[in-house]
Amino acid sequence: MHSRIIHVVFCGLLLTAVHAAQTDETPLQLASLDKSYLSTDVRIEADEVLRQLDQRLQTQPTDYEASLLKALLKFKSGDRAGALHILDALIKRAPDFHLAYLVRGDLLLSQIRPVSTLGQNSLLASLAGQQYQTVLQNLRDEARVRLRVLNLRPYENKMPGQILALADSVKNALLVDKTNHRLYLYQRQANGELQLQRDYYVSTGKLAGDKRIRGDLRTPEGVYFVTSWIPPSKLPDKYGIGAFPVNYPNELDRHQGKTGNGIWLHGTESDFYSRPPLDSEGCVVLTNVDLQALKQVVTPGVTPVIITPRATWVTKQAWRQQRQELLQALEAWRRDWQSLDVERYLSHYADDFWARGFNLASWKKRKRMLAKSKTYQRVRLSDISLLAYPTATEAKQDIVVARFRQSYQSNNFSSDMQKRLYLKRQGGEWRIVYEGR
Amino acid sequence: MLRSVLFLSGILAIVAVGNAAAPRADTPPATIRNQFLAARDLQQQGEAEQAIQRYQALIETAPGLLAAYNNLAVIYASQGKLDAAREVLQRGIRARPEFATLYDNLNAVFLELSRKDYGHALRLEVKPRKVRLSSMPYPHAPSSVASVTSQGAEETIATAQPAEVPMTDDVMRQTISDTIEGWASAWSAQEVELYLSFYAKGFVPPGGLSRSAWEKQRRQRLSRPKWVKVRLKEIEVEPGDKGMARVRFLQEYRSDSYTDRTRKELDLLLSEQGWRIVAEKSL
């Protein structure tokens, strides 16, 4: 079995006269005319990519992006008939996929004259006046972002650096990469490891960067949880088939003085299949088809959503190590708390610790006072999730959110509750910066 | 679906190895076949320059052998001479008027479909344009067809005798009126090359003009107006002997700048390519 190698520089260049002389020995070189279109230059196996796309379509027939990418790949390799066949079928099924029309327009035009850059030719220019340049640029951006998927597969044989553990009661987690406009759906396996289920194209805030204040058109970065589901009947059309609000601003955001609210994962308005990459007021926008698929696995109040400027993937070994280190840190805190040695217990808290109504000093005071009444304490942690903030945050510190069930028993008090700790690496040790429910 | 079919036919028109050669009367099909095979052998042995010469000569002898144009283009492309490849492929398409018409029609359809898609992509109000395609005359069956398939090592040659359409008066009348309708629609579409292809090699231009001066004049007159509409009425066909025929009709010419009605008489000669005009005069 022989496979052709395509030099994939996914750029505007959709067509070069790739000649019939594609013998098996000749590598198919598709050079880029427009480097700015996509700078990543990776050699990929064309057959392998097509196989992956076919697999995507097999598991999810509504994966319209896979169809589009297949068509683009065929277009680029000179198989215009094959590309057109796919696009015809795609447009029939997704009649509001504007990008698909643009590609098919190029494909048809390329029969007559050379088409070098996606959506850039004199015919199109004669149809679309100046006021359409933004629309056109948006479509090109969407194509560029979607095409990146083909040679960006950083997650292969890796673990998501932001999802270190999911509790037994949490089946899935969502990881958003704002730079690449992808949402990755991970599923917890029986052995605690995570398996990538699917990834989706998403639109994010009009402006890049972390959200700070209300109305800044940015998508926040951090560890969040889906709080509820709002059905379409209660929403204007622009939200599509519904919305999953997340808990922005969370404890850390509020502590840092961040403002604004109403950050949702939501669908797309009717008459549009998708939206440009940078298009929302801060929400994470999915196509309706994709949101419908996510709806099956997202549980309000449970499913974490980690939004990162750029998701990181680590080797399994590094992932296990980090996970172990954090579990040990939690265990040390639990053990020291249970031990009745209040000073050792308090040594787990960071200098800038806060809790609702407390700073470190008042927290210490209260804990020392409580400790005097204890003759016996038993603390149990279970159902632990560990979710890491993106490492490249402005604070440049590693922050991990631990969420678990805590059963506490003592000679004079007992409780059973959901806990949320924010841990921060300080001087080589993990310290608690926030504690709450 | 229709589009896929058109698309495929477009591809076929462009790259398919021509399966019908209409060699000149003086070269027997077997000779052409051998010349073609020799060229192909050279090509496969990597003797590019020699193969190029053979194919070029073959195009001279058998202008209808599309495989020669195609394979010549393959060599040019492998040498990186894409302009030469493009030129020879285009020449191949033009070598057969019916292919040229099909190709041009397909392109017109592609263009309009492309406009429509761009309109959808940008949510623009794109006014649909009427796509005017050229009609084709009834094809004249060539006397012999050398069917050449060249798929790798499996070189097979089939010399097929197509079912001859008996040239009864009725068939003759039909093919002649199809031909001149084709001539008129090429004119209306301002497809100069196609229009000129309706004239026989031996056509004598009116008014003592040389062939090249006349062609130049026709090119200008066909392409200058913004639009042209030629309609033929009252067509009378008068079959003659020895593959000759005479046809008279009323020609209604309209363009953005000029309108007239002329009675015309064309003399036609049946050739390998079909009926061709040998004389044209206004009555």
# chains A, B, ... in the order shown; residues from 1 in each chain; ligands from 1
>>> residues_around(residues="B:Pro137", least_positions_apart="5", cutoff="10 Å", atoms="only C-alpha atoms", output="ChimeraX atom specification")
/B:98,174-183,185,274-275
>>> residues_around(residues="stretch 347-351 of chain A", least_positions_apart="6", cutoff="8 Å", atoms="only C-alpha atoms", output="PyMOL selection string")
chain A and resi 333+360+424+426+430-433
>>> write_last_selection(atoms="C-alpha atoms", output="mmCIF file, in the first residue's frame")
data_model
loop_
_atom_site.group_PDB
_atom_site.id
_atom_site.type_symbol
_atom_site.label_atom_id
_atom_site.label_comp_id
_atom_site.auth_asym_id
_atom_site.auth_seq_id
_atom_site.Cartn_x
_atom_site.Cartn_y
_atom_site.Cartn_z
ATOM 1 C CA TRP A 333 -3.716 18.572 54.039
ATOM 2 C CA LEU A 360 -5.346 34.133 56.201
ATOM 3 C CA LYS A 424 -1.222 27.390 44.064
ATOM 4 C CA GLN A 426 4.367 28.415 46.144
ATOM 5 C CA TRP A 430 1.155 23.361 46.739
ATOM 6 C CA ARG A 431 -0.673 25.776 49.033
ATOM 7 C CA ILE A 432 -4.336 26.490 49.384
ATOM 8 C CA VAL A 433 -5.283 30.002 48.226
#
>>> interface_residues(of="chain A", to="chain B", cutoff="9 Å", atoms="only C-alpha atoms", output="PyMOL selection string")
chain A and resi 17+19-21+80-81+84-85+88+96-112+119+123-124+127-128+132+135-136+139
>>> closest_residue(among="A:Phe244, A:Tyr389, A:Tyr200, A:Phe413", to="A:Lys295", atoms="only C-alpha atoms")
A:Phe244
>>> residues_around(residues="A:Asp216", least_positions_apart="6", cutoff="8 Å", atoms="only C-alpha atoms", output="NGL selection string")
:A and (207 or 281-282)
>>> atom_distance(atom1="atom CA of A:Ser169", atom2="atom CA of A:Thr59")
25.6 Å
>>> select_by_dssp(residues="stretch 129-198 of chain A", states="strand (DSSP E)", output="mmCIF file with C-alpha atoms, in the first residue's frame")
data_model
loop_
_atom_site.group_PDB
_atom_site.id
_atom_site.type_symbol
_atom_site.label_atom_id
_atom_site.label_comp_id
_atom_site.auth_asym_id
_atom_site.auth_seq_id
_atom_site.Cartn_x
_atom_site.Cartn_y
_atom_site.Cartn_z
ATOM 1 C CA MET A 159 -3.077 13.784 28.152
ATOM 2 C CA PRO A 160 -4.670 17.190 28.565
ATOM 3 C CA ILE A 163 -7.590 17.970 33.236
ATOM 4 C CA LEU A 164 -5.659 16.031 35.841
ATOM 5 C CA ALA A 165 -8.479 14.078 37.412
ATOM 6 C CA ASN A 172 -16.802 14.374 30.807
ATOM 7 C CA ALA A 173 -14.919 17.635 30.712
ATOM 8 C CA LEU A 174 -14.726 20.348 28.073
ATOM 9 C CA LEU A 175 -11.462 21.995 27.201
ATOM 10 C CA VAL A 176 -11.469 25.160 25.084
ATOM 11 C CA ASP A 177 -8.423 26.346 23.139
ATOM 12 C CA ARG A 182 -11.391 24.220 19.330
ATOM 13 C CA LEU A 183 -13.439 22.679 22.060
ATOM 14 C CA TYR A 184 -12.200 19.246 23.096
ATOM 15 C CA LEU A 185 -14.587 16.808 24.709
ATOM 16 C CA TYR A 186 -12.788 14.428 27.066
ATOM 17 C CA GLN A 187 -14.232 11.362 28.704
ATOM 18 C CA ARG A 188 -12.967 9.728 31.856
ATOM 19 C CA LEU A 194 -8.862 10.700 29.758
ATOM 20 C CA GLN A 195 -9.941 9.878 26.274
ATOM 21 C CA LEU A 196 -10.590 12.525 23.636
ATOM 22 C CA GLN A 197 -14.061 11.927 22.225
ATOM 23 C CA ARG A 198 -14.384 14.691 19.682
#
>>> atom_distance(atom1="atom CA of B:Ala38", atom2="atom CA of B:Ile52")
11.3 Å
>>> closest_residue(among="A:Trp229, A:Tyr155, A:Tyr422, A:Trp319", to="A:Gln296", atoms="only C-alpha atoms")
A:Trp229
